[in-house]
Every structure is written in C-alpha cells, then in structure tokens.
>>> print(open('coords-v9.cif').read())   # mmCIF, C-alpha atoms
data_run
#
loop_
_atom_site.label_atom_id
_atom_site.label_comp_id
_atom_site.auth_asym_id
_atom_site.auth_seq_id
_atom_site.Cartn_x
_atom_site.Cartn_y
_atom_site.Cartn_z
CA MET S 338 101.31 1.63 54.20
CA ASN S 339 97.81 2.96 53.63
CA ALA S 340 97.81 6.25 55.53
CA PRO S 341 94.34 6.05 57.16
CA ARG S 342 94.92 2.46 58.27
CA ALA S 343 98.40 3.28 59.57
CA TRP S 344 96.97 6.09 61.71
CA LEU S 345 94.19 3.78 62.97
CA ILE S 346 96.74 1.16 64.03
CA TRP S 347 98.82 3.86 65.69
CA THR S 348 95.78 5.29 67.50
CA ILE S 349 94.90 1.92 69.03
CA GLY S 350 98.52 1.40 70.10
CA VAL S 351 98.71 4.88 71.59
CA PHE S 352 95.49 4.36 73.54
CA ALA S 353 96.97 1.21 75.08
CA TYR S 354 100.13 3.18 75.93
CA LEU S 355 98.03 6.03 77.40
CA VAL S 356 96.33 3.51 79.68
CA ALA S 357 99.74 2.12 80.68
CA VAL S 358 101.03 5.59 81.59
CA ALA S 359 97.91 6.24 83.67
CA GLN S 360 98.51 2.96 85.52
CA ARG S 361 102.22 3.72 85.98
CA THR S 362 101.80 7.24 87.38
CA SER S 363 98.63 6.70 89.43
CA PHE S 364 100.57 5.82 92.58
CA GLY S 365 102.41 9.13 92.41
CA VAL S 366 99.26 11.07 93.37
CA ALA S 367 98.21 8.42 95.92
CA GLY S 368 101.42 8.57 97.97
CA LEU S 369 99.94 10.34 101.00
CA GLU S 370 96.83 8.12 100.96
CA ALA S 371 99.04 5.03 100.64
CA THR S 372 101.08 6.14 103.67
CA GLU S 373 97.90 6.21 105.74
CA ARG S 374 96.26 3.10 104.22
CA PHE S 375 99.30 0.87 104.69
CA ASP S 376 100.75 2.72 107.75
CA ALA S 377 104.07 2.88 105.89
CA SER S 378 107.28 4.91 106.09
CA ALA S 379 108.75 7.03 103.27
CA ALA S 380 111.16 4.23 102.35
CA ALA S 381 108.30 1.72 102.22
CA ILE S 382 106.22 3.98 99.97
CA SER S 383 109.20 4.56 97.68
CA PHE S 384 109.69 0.78 97.61
CA PHE S 385 106.31 0.41 95.86
CA THR S 386 107.53 2.47 92.93
CA VAL S 387 111.11 1.18 93.07
CA LEU S 388 109.99 -2.43 92.79
CA GLN S 389 107.54 -1.52 90.03
CA LEU S 390 110.32 0.20 88.09
CA LEU S 391 112.74 -2.65 88.84
CA VAL S 392 110.30 -5.10 87.28
CA TYR S 393 109.72 -2.71 84.38
CA ALA S 394 113.42 -2.18 83.71
CA GLY S 395 114.32 -5.83 84.23
CA LEU S 396 111.79 -6.92 81.62
CA GLN S 397 112.74 -4.40 78.94
CA ILE S 398 115.34 -6.54 77.15
CA PRO S 399 113.32 -9.80 77.37
CA VAL S 400 110.24 -7.92 76.13
CA GLY S 401 112.26 -6.39 73.28
CA VAL S 402 113.35 -9.87 72.19
CA LEU S 403 109.80 -11.24 72.54
CA VAL S 404 108.15 -8.45 70.57
CA ASP S 405 110.58 -9.05 67.70
CA ARG S 406 109.49 -12.67 67.80
CA PHE S 407 105.73 -12.56 68.56
CA GLY S 408 104.71 -9.08 67.43
CA SER S 409 103.15 -6.03 69.07
CA ARG S 410 99.51 -7.19 69.20
CA ALA S 411 100.12 -10.13 71.52
CA MET S 412 102.47 -8.19 73.77
CA VAL S 413 100.27 -5.10 74.15
CA ALA S 414 97.19 -7.21 74.93
CA GLY S 415 99.13 -9.30 77.46
CA GLY S 416 100.47 -6.17 79.11
CA ALA S 417 96.98 -4.69 79.50
CA VAL S 418 95.77 -7.91 81.14
CA LEU S 419 98.60 -7.83 83.69
CA MET S 420 98.03 -4.16 84.52
CA GLY S 421 94.30 -4.76 85.00
CA LEU S 422 95.03 -7.59 87.42
CA GLY S 423 97.55 -5.42 89.26
CA GLN S 424 95.13 -2.55 89.79
CA LEU S 425 92.42 -5.01 90.86
CA GLN S 426 94.80 -6.41 93.47
CA LEU S 427 95.80 -2.91 94.64
CA ALA S 428 92.16 -1.82 94.91
CA PHE S 429 91.54 -4.30 97.72
CA ALA S 430 95.03 -4.46 99.29
CA GLU S 431 95.25 -3.41 102.92
CA SER S 432 98.89 -4.25 103.68
CA VAL S 433 102.27 -3.35 102.20
CA PRO S 434 102.89 -6.86 100.72
CA GLY S 435 99.46 -6.86 99.05
CA GLY S 436 100.02 -3.40 97.61
CA VAL S 437 103.50 -4.30 96.40
CA LEU S 438 102.15 -7.36 94.56
CA GLY S 439 99.71 -5.13 92.72
CA ARG S 440 102.43 -2.71 91.65
CA VAL S 441 104.64 -5.59 90.49
CA LEU S 442 101.88 -6.74 88.15
CA VAL S 443 101.41 -3.17 86.92
CA GLY S 444 105.14 -2.85 86.28
CA ALA S 445 105.22 -6.12 84.33
CA GLY S 446 102.28 -5.11 82.14
CA ASP S 447 103.64 -1.62 81.64
CA ALA S 448 106.97 -3.12 80.53
CA MET S 449 105.23 -4.94 77.67
CA THR S 450 103.48 -1.89 76.25
CA PHE S 451 105.75 0.97 75.20
CA ILE S 452 108.36 -1.03 73.28
CA SER S 453 105.60 -2.91 71.47
CA VAL S 454 103.87 0.31 70.42
CA ILE S 455 107.12 2.00 69.36
CA ARG S 456 107.94 -1.03 67.19
CA LEU S 457 104.77 -0.41 65.16
CA VAL S 458 105.92 3.04 64.03
CA PRO S 459 108.74 2.14 61.56
CA LEU S 460 106.63 -0.74 60.22
CA TRP S 461 103.58 1.38 59.40
CA PHE S 462 105.09 4.79 58.53
CA ALA S 463 107.62 6.07 56.00
CA PRO S 464 111.14 6.70 57.40
CA ALA S 465 110.85 10.48 57.07
CA LYS S 466 107.80 10.47 59.35
CA VAL S 467 109.18 8.11 61.99
CA PRO S 468 110.91 10.71 64.29
CA LEU S 469 107.78 12.88 64.41
CA VAL S 470 105.37 9.96 64.91
CA THR S 471 107.64 8.57 67.64
CA GLN S 472 107.44 11.90 69.48
CA LEU S 473 103.68 12.02 68.93
CA THR S 474 103.49 8.57 70.52
CA GLY S 475 105.23 9.76 73.66
CA MET S 476 103.25 13.01 73.62
CA CYS S 477 99.85 11.31 73.43
CA GLY S 478 100.88 8.75 76.01
CA GLN S 479 101.42 11.59 78.47
CA LEU S 480 97.68 12.18 78.45
CA GLY S 481 97.57 9.08 80.64
CA GLN S 482 99.53 10.97 83.26
CA LEU S 483 97.11 13.87 82.90
CA PHE S 484 94.33 11.38 83.66
CA SER S 485 96.11 10.24 86.82
CA VAL S 486 96.77 13.74 88.16
CA VAL S 487 93.29 15.16 87.50
CA PRO S 488 90.33 12.72 87.15
CA PHE S 489 91.98 9.88 89.06
CA ALA S 490 93.13 12.20 91.87
CA LEU S 491 89.63 13.70 92.14
CA LEU S 492 88.05 10.22 92.17
CA LEU S 493 90.55 9.06 94.79
CA HIS S 494 89.76 11.97 97.09
CA SER S 495 85.98 11.86 96.58
CA ALA S 496 85.07 8.17 96.14
CA GLY S 497 88.00 6.59 97.94
CA TRP S 498 90.82 4.15 97.30
CA THR S 499 88.96 1.06 96.00
CA PRO S 500 86.66 2.74 93.41
CA ALA S 501 89.58 4.77 92.05
CA PHE S 502 91.79 1.76 91.41
CA LEU S 503 88.88 -0.30 90.06
CA THR S 504 88.40 2.44 87.45
CA LEU S 505 92.00 1.95 86.32
CA ALA S 506 91.43 -1.81 86.06
CA ALA S 507 88.38 -1.17 83.84
CA MET S 508 90.49 0.97 81.51
CA SER S 509 92.82 -1.99 81.01
CA VAL S 510 89.86 -4.20 80.03
CA LEU S 511 88.87 -1.66 77.37
CA ALA S 512 92.45 -1.59 76.04
CA VAL S 513 92.53 -5.40 75.71
CA VAL S 514 89.29 -5.42 73.71
CA LEU S 515 90.42 -2.68 71.29
CA VAL S 516 93.88 -4.19 70.75
CA LEU S 517 92.60 -7.68 69.98
CA ALA S 518 89.89 -6.33 67.68
CA LEU S 519 91.79 -3.69 65.70
CA LEU S 520 95.59 -3.78 66.16
CA ARG S 521 97.74 -5.47 63.52
CA ASP S 522 101.50 -6.06 63.69
CA ALA S 523 102.52 -4.99 60.17
CA PRO S 524 101.06 -3.86 56.83
CA PRO S 525 99.94 -6.50 54.31
CA GLY S 526 102.86 -7.87 52.32
CA HIS S 527 105.43 -7.25 55.05
CA PRO S 528 107.84 -10.19 55.49
CA PRO S 529 106.60 -12.52 58.26
CA ARG S 530 108.37 -12.64 61.62
CA ASP S 531 110.77 -15.48 62.31
CA GLU S 532 108.91 -17.13 65.19
CA GLY S 533 111.19 -20.14 65.18
CA GLN S 534 114.27 -18.24 66.31
CA GLY S 535 116.18 -20.28 68.89
CA LEU S 536 118.03 -19.20 71.99
CA ARG S 537 121.36 -19.01 70.21
CA ALA S 538 120.00 -16.71 67.48
CA THR S 539 118.26 -14.61 70.12
CA GLY S 540 121.50 -14.27 72.05
CA ILE S 541 123.36 -13.23 68.89
CA SER S 542 120.73 -10.59 68.11
CA LEU S 543 120.92 -9.22 71.65
CA SER S 544 124.72 -9.19 71.58
CA ARG S 545 124.83 -7.34 68.26
CA ALA S 546 122.33 -4.76 69.47
CA TRP S 547 124.41 -4.12 72.59
CA LYS S 548 127.73 -3.98 70.75
CA GLN S 549 126.36 -1.29 68.46
CA PRO S 550 127.62 2.00 69.99
CA GLY S 551 124.53 3.81 68.72
CA THR S 552 122.34 1.57 70.89
CA ARG S 553 124.41 2.41 73.97
CA LEU S 554 124.31 6.11 73.13
CA GLY S 555 120.52 5.81 73.13
CA LEU S 556 120.67 3.96 76.46
CA TRP S 557 122.74 6.62 78.23
CA SER S 558 120.72 9.45 76.67
CA HIS S 559 117.54 7.88 78.04
CA PHE S 560 119.24 7.23 81.40
CA THR S 561 120.25 10.86 81.82
CA VAL S 562 117.30 12.95 80.68
CA GLN S 563 114.30 10.86 81.72
CA PHE S 564 114.78 9.87 85.35
CA SER S 565 114.35 13.26 87.04
CA GLY S 566 110.94 13.90 85.54
CA ASN S 567 109.98 10.30 86.22
CA LEU S 568 110.73 10.41 89.94
CA PHE S 569 108.99 13.77 90.15
CA ALA S 570 105.80 12.52 88.47
CA MET S 571 105.71 9.01 89.91
CA THR S 572 106.68 9.48 93.56
CA TRP S 573 108.30 12.57 95.04
CA GLY S 574 106.88 15.54 93.13
CA TYR S 575 103.51 15.51 94.85
CA PRO S 576 104.78 15.37 98.50
CA PHE S 577 107.61 17.80 97.67
CA LEU S 578 105.22 20.43 96.34
CA LEU S 579 102.48 19.79 98.90
CA SER S 580 104.43 19.29 102.13
CA ALA S 581 107.86 20.84 101.56
CA GLN S 582 106.81 23.79 99.39
CA GLY S 583 103.50 24.35 101.22
CA LEU S 584 101.30 24.53 98.13
CA ASP S 585 97.60 23.66 98.25
CA THR S 586 96.25 20.61 96.41
CA GLY S 587 94.72 22.71 93.62
CA THR S 588 98.03 24.39 92.82
CA VAL S 589 99.89 21.07 92.94
CA SER S 590 97.38 19.51 90.54
CA ALA S 591 97.77 22.50 88.23
CA LEU S 592 101.56 22.12 88.26
CA MET S 593 101.25 18.39 87.53
CA ALA S 594 98.89 19.22 84.66
CA LEU S 595 101.45 21.77 83.43
CA PHE S 596 104.06 18.97 83.52
CA VAL S 597 101.93 16.86 81.20
CA GLY S 598 100.95 19.77 78.96
CA THR S 599 104.56 20.86 78.49
CA ALA S 600 105.61 17.34 77.52
CA ILE S 601 102.80 17.22 74.97
CA VAL S 602 103.71 20.58 73.43
CA ALA S 603 107.46 19.91 73.36
CA GLY S 604 107.23 16.49 71.71
CA PRO S 605 106.49 17.50 68.09
CA GLY S 606 109.18 20.19 68.20
CA PHE S 607 111.79 17.64 69.24
CA GLY S 608 110.54 15.30 66.51
CA ARG S 609 110.99 17.95 63.83
CA PHE S 610 114.43 18.89 65.18
CA VAL S 611 115.61 15.26 65.13
CA ALA S 612 114.29 14.75 61.58
CA LYS S 613 115.98 17.95 60.37
CA HIS S 614 119.24 17.72 62.38
CA PRO S 615 119.98 14.03 62.98
CA MET S 616 123.66 14.76 63.61
CA ARG S 617 122.83 17.06 66.55
CA ARG S 618 120.64 14.70 68.60
CA SER S 619 123.24 14.18 71.34
CA ALA S 620 123.82 17.94 71.63
CA LEU S 621 120.12 18.39 72.38
CA VAL S 622 120.28 15.64 75.00
CA LEU S 623 123.20 17.34 76.73
CA LEU S 624 121.42 20.70 76.66
CA ILE S 625 118.36 19.18 78.37
CA THR S 626 120.64 17.59 80.98
CA LEU S 627 122.25 20.95 81.76
CA ALA S 628 118.86 22.66 82.03
CA THR S 629 117.64 19.97 84.45
CA ALA S 630 120.66 20.36 86.70
CA LEU S 631 120.37 24.16 86.73
CA ALA S 632 116.62 24.10 87.49
CA TRP S 633 117.03 21.76 90.47
CA ALA S 634 120.04 23.73 91.72
CA ALA S 635 118.06 26.97 91.63
CA VAL S 636 115.19 25.47 93.68
CA LEU S 637 117.24 23.46 96.17
CA ALA S 638 119.80 26.19 96.86
CA LEU S 639 117.16 28.56 98.28
CA PRO S 640 117.11 28.67 102.10
CA GLU S 641 113.31 29.09 102.08
CA ARG S 642 110.43 27.84 99.97
CA ALA S 643 110.77 28.59 96.28
CA PRO S 644 108.49 31.19 94.68
CA LEU S 645 105.77 29.78 92.46
CA TRP S 646 107.34 31.13 89.25
CA LEU S 647 110.54 29.18 89.95
CA LEU S 648 108.58 26.00 90.62
CA VAL S 649 106.81 26.53 87.31
CA ILE S 650 110.20 26.73 85.56
CA LEU S 651 111.31 23.54 87.33
CA VAL S 652 108.18 21.68 86.24
CA VAL S 653 108.56 22.85 82.63
CA VAL S 654 112.22 21.78 82.48
CA LEU S 655 111.50 18.38 84.02
CA ALA S 656 108.62 17.83 81.61
CA ILE S 657 110.91 18.46 78.64
CA GLY S 658 113.00 15.47 79.73
CA GLY S 659 110.16 13.11 78.73
CA PRO S 660 110.11 13.90 75.00
CA GLY S 661 113.86 14.49 75.19
CA SER S 662 114.38 10.89 76.27
CA MET S 663 112.59 9.72 73.11
CA ILE S 664 115.72 10.73 71.19
CA GLY S 665 117.30 7.60 72.64
CA PHE S 666 114.85 5.44 70.67
CA ASP S 667 115.76 7.29 67.49
CA PHE S 668 119.38 6.25 68.06
CA ALA S 669 118.20 2.65 68.40
CA ARG S 670 116.21 2.89 65.18
CA THR S 671 118.88 4.47 63.02
CA PHE S 672 121.79 2.27 64.15
CA ASN S 673 120.01 -1.13 64.00
CA PRO S 674 118.26 -3.15 61.26
CA SER S 675 114.47 -3.44 61.37
CA HIS S 676 114.44 -7.04 62.65
CA ARG S 677 116.41 -5.91 65.73
CA ILE S 678 114.54 -2.70 66.58
CA GLY S 679 112.52 -4.25 69.44
CA THR S 680 115.64 -5.64 71.10
CA ALA S 681 117.57 -2.37 70.72
CA THR S 682 114.60 -0.34 71.95
CA GLY S 683 114.37 -2.58 75.02
CA ILE S 684 118.02 -1.94 75.81
CA VAL S 685 117.53 1.83 75.49
CA ASN S 686 114.35 1.84 77.60
CA VAL S 687 116.20 0.23 80.52
CA GLY S 688 118.27 3.38 81.05
CA GLY S 689 115.84 5.97 82.34
CA PHE S 690 113.95 3.54 84.55
CA ILE S 691 117.09 2.11 86.17
CA ALA S 692 118.19 5.66 86.96
CA ALA S 693 114.70 6.52 88.24
CA LEU S 694 114.39 3.53 90.57
CA VAL S 695 117.87 4.17 92.02
CA ALA S 696 117.06 7.84 92.60
CA ILE S 697 113.58 7.17 94.01
CA TYR S 698 114.86 4.60 96.49
CA LEU S 699 117.84 6.71 97.60
CA ILE S 700 115.64 9.77 98.13
CA GLY S 701 113.24 7.76 100.32
CA LEU S 702 116.16 6.24 102.23
CA VAL S 703 117.76 9.65 102.87
CA LEU S 704 114.42 11.08 104.04
CA ASP S 705 114.02 8.23 106.55
CA LEU S 706 117.62 8.53 107.79
CA LEU S 707 117.24 12.27 108.31
CA ASN S 708 113.97 11.72 110.17
CA ALA S 709 115.46 8.99 112.37
CA SER S 710 118.46 11.18 113.21
CA GLY S 711 116.21 14.01 114.40
CA PHE S 712 117.34 16.34 111.62
CA SER S 713 113.79 16.59 110.24
CA GLY S 714 112.31 17.61 113.57
CA GLY S 715 109.57 15.02 113.21
CA GLU S 716 108.54 16.34 109.80
CA LEU S 717 109.28 13.47 107.40
CA TYR S 718 108.59 15.48 104.25
CA GLY S 719 110.07 18.76 105.43
CA LEU S 720 111.81 21.24 103.15
CA ALA S 721 115.26 20.87 104.71
CA SER S 722 115.13 17.08 104.40
CA PHE S 723 113.90 17.17 100.81
CA ARG S 724 116.65 19.66 99.92
CA ILE S 725 119.30 17.11 100.91
CA ALA S 726 117.51 14.03 99.60
CA LEU S 727 116.74 15.44 96.15
CA SER S 728 120.40 16.37 95.67
CA VAL S 729 121.03 12.68 94.93
CA GLN S 730 119.99 13.51 91.37
CA PHE S 731 123.14 15.51 90.64
CA VAL S 732 125.28 12.37 90.93
CA LEU S 733 123.20 10.57 88.31
CA LEU S 734 123.07 13.58 86.01
CA GLY S 735 126.87 13.88 86.13
CA LEU S 736 127.42 10.16 85.57
CA GLY S 737 125.04 10.12 82.62
CA THR S 738 126.73 13.11 81.00
CA VAL S 739 130.15 11.44 81.18
CA LEU S 740 128.79 8.20 79.68
CA ILE S 741 127.04 10.08 76.85
CA LEU S 742 130.26 11.88 75.90
CA MET S 743 132.30 8.68 76.00
CA THR S 744 129.82 6.69 73.89
CA ARG S 745 129.27 9.53 71.43
CA ARG S 746 132.99 9.51 70.72
CA LYS S 747 132.77 5.82 69.75
CA VAL S 748 129.72 6.43 67.57
CA ARG S 749 131.44 9.22 65.69
CA ARG S 750 134.54 7.09 65.15
CA GLN S 751 132.31 4.40 63.67
CA MET S 752 130.59 6.96 61.43
CA ALA S 753 133.95 8.40 60.32
CA ALA S 754 135.05 4.92 59.24
CA GLN S 755 131.96 4.89 57.02
CA GLY S 756 132.84 8.28 55.53
CA ILE S 757 130.40 10.32 57.64
CA HIS S 758 132.09 13.13 59.52
CA VAL S 759 130.30 15.27 62.14
CA PRO S 760 131.95 18.68 62.49
CA PRO S 761 132.12 20.24 65.97
CA LEU S 762 128.98 22.12 66.92
CA VAL S 763 130.92 25.36 67.39
CA ALA S 764 132.32 25.09 63.88
CA THR S 765 128.88 24.35 62.47
CA LEU S 766 127.34 27.36 64.23
CA ALA S 767 130.20 29.58 63.01
CA LYS S 768 129.69 28.37 59.44
CA GLN S 769 125.95 29.01 59.64
CA ARG S 770 126.66 32.54 60.91
CA ARG S 771 129.08 33.20 58.04
CA ASP S 772 126.55 31.86 55.55
CA ARG S 773 123.83 34.16 56.94
CA ILE S 774 126.13 37.18 56.72
CA GLU S 775 127.09 36.27 53.16
CA ARG S 776 123.43 35.89 52.16
CA ARG S 777 122.57 39.30 53.62
CA ARG S 778 125.48 40.90 51.75
CA SER S 779 124.36 39.24 48.50
CA GLN S 780 120.79 40.45 49.06
CA ARG S 781 121.96 44.01 49.72
CA ALA S 782 124.21 43.92 46.67
CA GLY S 783 121.35 42.60 44.57
CA ALA S 784 119.01 45.29 45.84
CA ALA S 785 121.55 47.99 45.06
CA GLY S 786 122.09 46.59 41.56
CA ASP S 787 118.38 46.51 40.86
CA GLY S 788 117.87 50.18 41.79
CA PRO S 789 116.98 52.88 39.20
CA ASP S 790 119.78 54.31 37.07
CA ARG S 791 119.97 57.99 38.06
CA ALA S 792 123.19 58.80 36.19
#
>>> encode(input="coords-v9.cif", output="structure tokens")
Amino acid sequence: MNAPRAWLIWTIGVFAYLVAVAQRTSFGVAGLEATERFDASAAAISFFTVLQLLVYAGLQIPVGVLVDRFGSRAMVAGGAVLMGLGQLQLAFAESVPGGVLGRVLVGAGDAMTFISVIRLVPLWFAPAKVPLVTQLTGMCGQLGQLFSVVPFALLLHSAGWTPAFLTLAAMSVLAVVLVLALLRDAPPGHPPRDEGQGLRATGISLSRAWKQPGTRLGLWSHFTVQFSGNLFAMTWGYPFLLSAQGLDTGTVSALMALFVGTAIVAGPGFGRFVAKHPMRRSALVLLITLATALAWAAVLALPERAPLWLLVILVVVLAIGGPGSMIGFDFARTFNPSHRIGTATGIVNVGGFIAALVAIYLIGLVLDLLNASGFSGGELYGLASFRIALSVQFVLLGLGTVLILMTRRKVRRQMAAQGIHVPPLVATLAKQRRDRIERRRSQRAGAAGDGPDRA
C-alpha cells in the first residue's frame, strides 16, 4: 500500500463520486424550471427524483455483489457512462416521460459509483486510517453538490436548460477517461477476485451479509440519519426556502452552499470519533437523529416564516446527517470479511435512499392533495402546505430510531458472546467523570508534595 499511489487511486475514485453527486443533486436546483419546462405538478416533479432514487436503491445490492466480483474500475466507469447518457437525454427532453428516462439513467449510473469507490478504501489503506478516509470520501463527494447549487444553478439561469445539462454530461466523459486510465482495483500482490462465483455462492454471500446484525445496524443507521438531508438537497429544500420561506435566490444558494460546507467540515470529525470510540457509533447516530427531529420541529411549529438564523441551524443539522450516515458503512466494514464488503455496503446504502424516496414522494403527494382541496389557496408551495407535508419526516425518524435500538441490542448480544461487553453510555460517562476527578486530586496532591519545605 504505497501511500502516494493509494492517495492517487483514492483521488480518481473521489472525482468520479464527486461527478456522481453533482449529477444526482442537479435536479434539486432545477425543480422550478422543470415545472415550467414539462408543465408538471408537484407530484410529477417529485416523481422524477423518486424514480431516480428507486432505481438507485434497487440496484444497491446487485451492484454490491457485482463490485465484489468485477472490481471498482469497471463499475465506476460503467456508472459514469450511464450518467452521461442520462444527462444527455435530459438536456433535450421536452416531456415528462423523456425527462424521467434521463433521471432513470442517472440513478442507475449513480448507483454503481459510491459503493465501488468505498470498496477501494479498505483495500488501499491501513485499517486505522479507514474510518477517516471513508469520511473524507463522503466529504469530498459533497463538493459535487456544491457544484450543482452554485455553478450549475448559475449556468442554468443564464445559459438555459440544454447547455447546463450538457455540461454535466461532459463531466461524466472526463470521469470515464480518468477512471480507465488511472484507477486500479487493488494494490499489487492482493489476492485476485473470484470472478467465477456462481449464483449459489452469490446468494450465500448475500444471505450471510444480511444475517449479520452489524450489517442491519448499518442499514437502519443510514436509513434514519441520511434521508432528511437528501430530500432537502435533492428536491424540496429549494422550493421550501424560496417559495414557502420567501427567501431570495442568492440567500437560498448561500444556504445550500452552507449545507455542503457543513458536511465537508463535519466529516473528518466524525471519522476521528468513530476511529477513537468504535463502541459509541450508534449513540452518535441516535444523537444526530434527535437533533434532526428537533430542528424540523422548531421550524415547522412556527405560525409564520422562520427567522434566517433558525433556517441556518436547520441547514447545519441536516448537513450533519450526510457524514453521520457514513457510520453505517463502518458497521458494514467491521462486521463483515473483506470479500463481502461490497455486498454489505450495498445493503447499508439501500437504507437512506429508500427512506428518502418514500419521504419525497409523500411530501409531493400531500402538497398536491392540499392544493386540490383548496387548503393551499392556489399556492402549491405555500408555507402552510409545506408545514403539513414536511411533517411526514417525523414518522420515518421515529421508525428508524426504533429499528436502530432493536438491532443494536442484537449486535451487543453477539459481541457479548464473543467476550466483548459494551457498558451503558451513562455508566461510561460517570466513570470518565470519576477518573477526571481522581486525576485532578492526584495532580493537586503531587503539587502540594513538591512544594518547598518551610518547616
């Protein structure tokens, strides 16, 4: 694992992932333009992203199995090709079916990218570095979202729909060239992949990954902490801030940039925490879940538009969910052997996107129902309607929390059978407090004993 070469391989993989994130989130800032271009309702616009995420989530497990079999290079290159074709199709689409086809291709290509890049990390880096490099991967990938909310949005508003989406297609072409030229699946001397694995062996590997409670704990962690930020960035954040909260486009772009910047800053901190406190990963996930619920409750409970400072807090909390969801992949890594990491990672990655597509679709459906009933007063994206529609999230946050607690109990029973006992967090904090007090007493006693003898 030559360090410079490992970082070069990682850089190429991260660039491909950055491009994938830009492709994934580009439609989030084009929602209002898409409504006009395709003459579509809120439910129809949400269907673009829902179908994209459905394809993405549905392909996660097959892609996980395939990347274990064929390697990251082939999968990342293939994903970039599909995304380029999808954006090319979307650039010239003038109807809802044509636009949907483009987003389906984008979702399929996007599905092939992240798992393949994440699989490179434990193969090219030492175990102690893996949690931090995994967070850095997610952090750098978020720059793709920054591209979509700033340069892409500016290009969309100045040059128009077709040039903007053609630019995204060109980025995919560049990713394909770099991946094929420079990316390698594993360091020299690494055991070769078993490319002859049959369906029965593949099924056994998938079954074992699923039966591992640690994999399912990663799945439900990802499910719970990622979806809210995802739906905010990919579909409903832009119209909520612009139409419901009455902000101007410059302020909305700044808040979206803050979303990306916060995720970038938070990632390394989470990586260091996970590396230092591996037994407290689920506690951090639950803390992020609570913060998300409280932030949304504070904004949605107000009878009027929220002040800007509160919206800033909401954006920061939602952004933390991105790097927080990466903890799920660390569960997959630590509870599965290396030859099954791709499969386990695919299972985990299903969680957040299934939750996101359910929430995105339900929010669009509720907005349309409220508009049809006359509740919205003809204002589809009004504040009162959004307040009700966005409350759908609390159901998913509650469900995810229950599933995390149930699965964590099984994981800890399994660990106890192996002689690894995780004390309650309260007991651990109390012990740390006692230890700090004892150290201070010892230091004071030592200082007193070292003083001058004045007798």
>>> resolve_selection(input="coords-v9.cif", expression="the PyMOL selection byres ((chain S and resi 648) around 10)", output="list of chain:residue names")
S:Leu578, S:Gln582, S:Leu592, S:Ala632, S:Trp633, S:Ala635, S:Val636, S:Arg642, S:Ala643, S:Pro644, S:Leu645, S:Trp646, S:Leu647, S:Val649, S:Ile650, S:Leu651, S:Val652, S:Val653, S:Val654
>>> resolve_selection(input="coords-v9.cif", expression="the PyMOL selection byres ((chain S and resi 686) around 8)", output="list in words")
Ala394, Gln397, Ile452, Leu556, His559, Phe666, Thr682, Gly683, Ile684, Val685, Val687, Gly688, Gly689 and Phe690 of chain S
>>> resolve_selection(input="coords-v9.cif", expression="the PyMOL selection byres ((chain S and resi 552) around 10)", output="NGL selection string")
:S and (545-551 or 553-558 or 665-673 or 678 or 680-685 or 744 or 748)
>>> residues_near_point(input="coords-v9.cif", point="(122.4, 11.5, 94.2)", cutoff="12 Å", atoms="all atoms listed in the file", output="count of residues only")
29
>>> closest_residue(input="coords-v9.cif", among="S:Leu704, S:Leu584, S:Ala591, S:Ile541", to="Ser378 in chain S", atoms="only C-alpha atoms")
S:Leu704
>>> residues_around(input="coords-v9.cif", residues="Val351 in chain S", least_positions_apart="5", cutoff="9 Å", atoms="only C-alpha atoms", output="short mmCIF file (atom, residue, chain, number, x, y, z; two decimals) with C-alpha atoms, in the coordinates of the input")
data_model
loop_
_atom_site.label_atom_id
_atom_site.label_comp_id
_atom_site.auth_asym_id
_atom_site.auth_seq_id
_atom_site.Cartn_x
_atom_site.Cartn_y
_atom_site.Cartn_z
CA ILE S 346 96.74 1.16 64.03
CA VAL S 356 96.33 3.51 79.68
CA PHE S 451 105.75 0.97 75.20
CA VAL S 454 103.87 0.31 70.42
CA THR S 474 103.49 8.57 70.52
CA GLY S 475 105.23 9.76 73.66
CA CYS S 477 99.85 11.31 73.43
CA GLY S 478 100.88 8.75 76.01
#
>>> closest_residue(input="coords-v9.cif", among="S:Leu706, S:Val514, S:Met449, S:Ile691", to="Ser409 in chain S", atoms="all atoms listed in the file")
S:Met449
>>> closest_residue(input="coords-v9.cif", among="S:Leu637, S:Met752, S:Ala448, S:Val739", to="Leu720 in chain S", atoms="all atoms listed in the file")
S:Leu637
>>> atom_distance(input="coords-v9.cif", atom1="CA of Val470 in chain S", atom2="CA of Trp347 in chain S")
9.0 Å
>>> atom_distance(input="coords-v9.cif", atom1="CA of Val433 in chain S", atom2="CA of Gln389 in chain S")
13.4 Å
>>> residues_around(input="coords-v9.cif", residues="range 605-614 of chain S", least_positions_apart="3", cutoff="7 Å", atoms="only C-alpha atoms", output="list in words")
Pro468, Leu469, Gln472, Leu473, Val602, Arg617 and Arg618 of chain S
>>> closest_residue(input="coords-v9.cif", among="S:Ala628, S:Ile664, S:Val510, S:Val366", to="Trp498 in chain S", atoms="all atoms listed in the file")
S:Val366
>>> atom_distance(input="coords-v9.cif", atom1="CA of His494 in chain S", atom2="CA of Leu369 in chain S")
11.0 Å
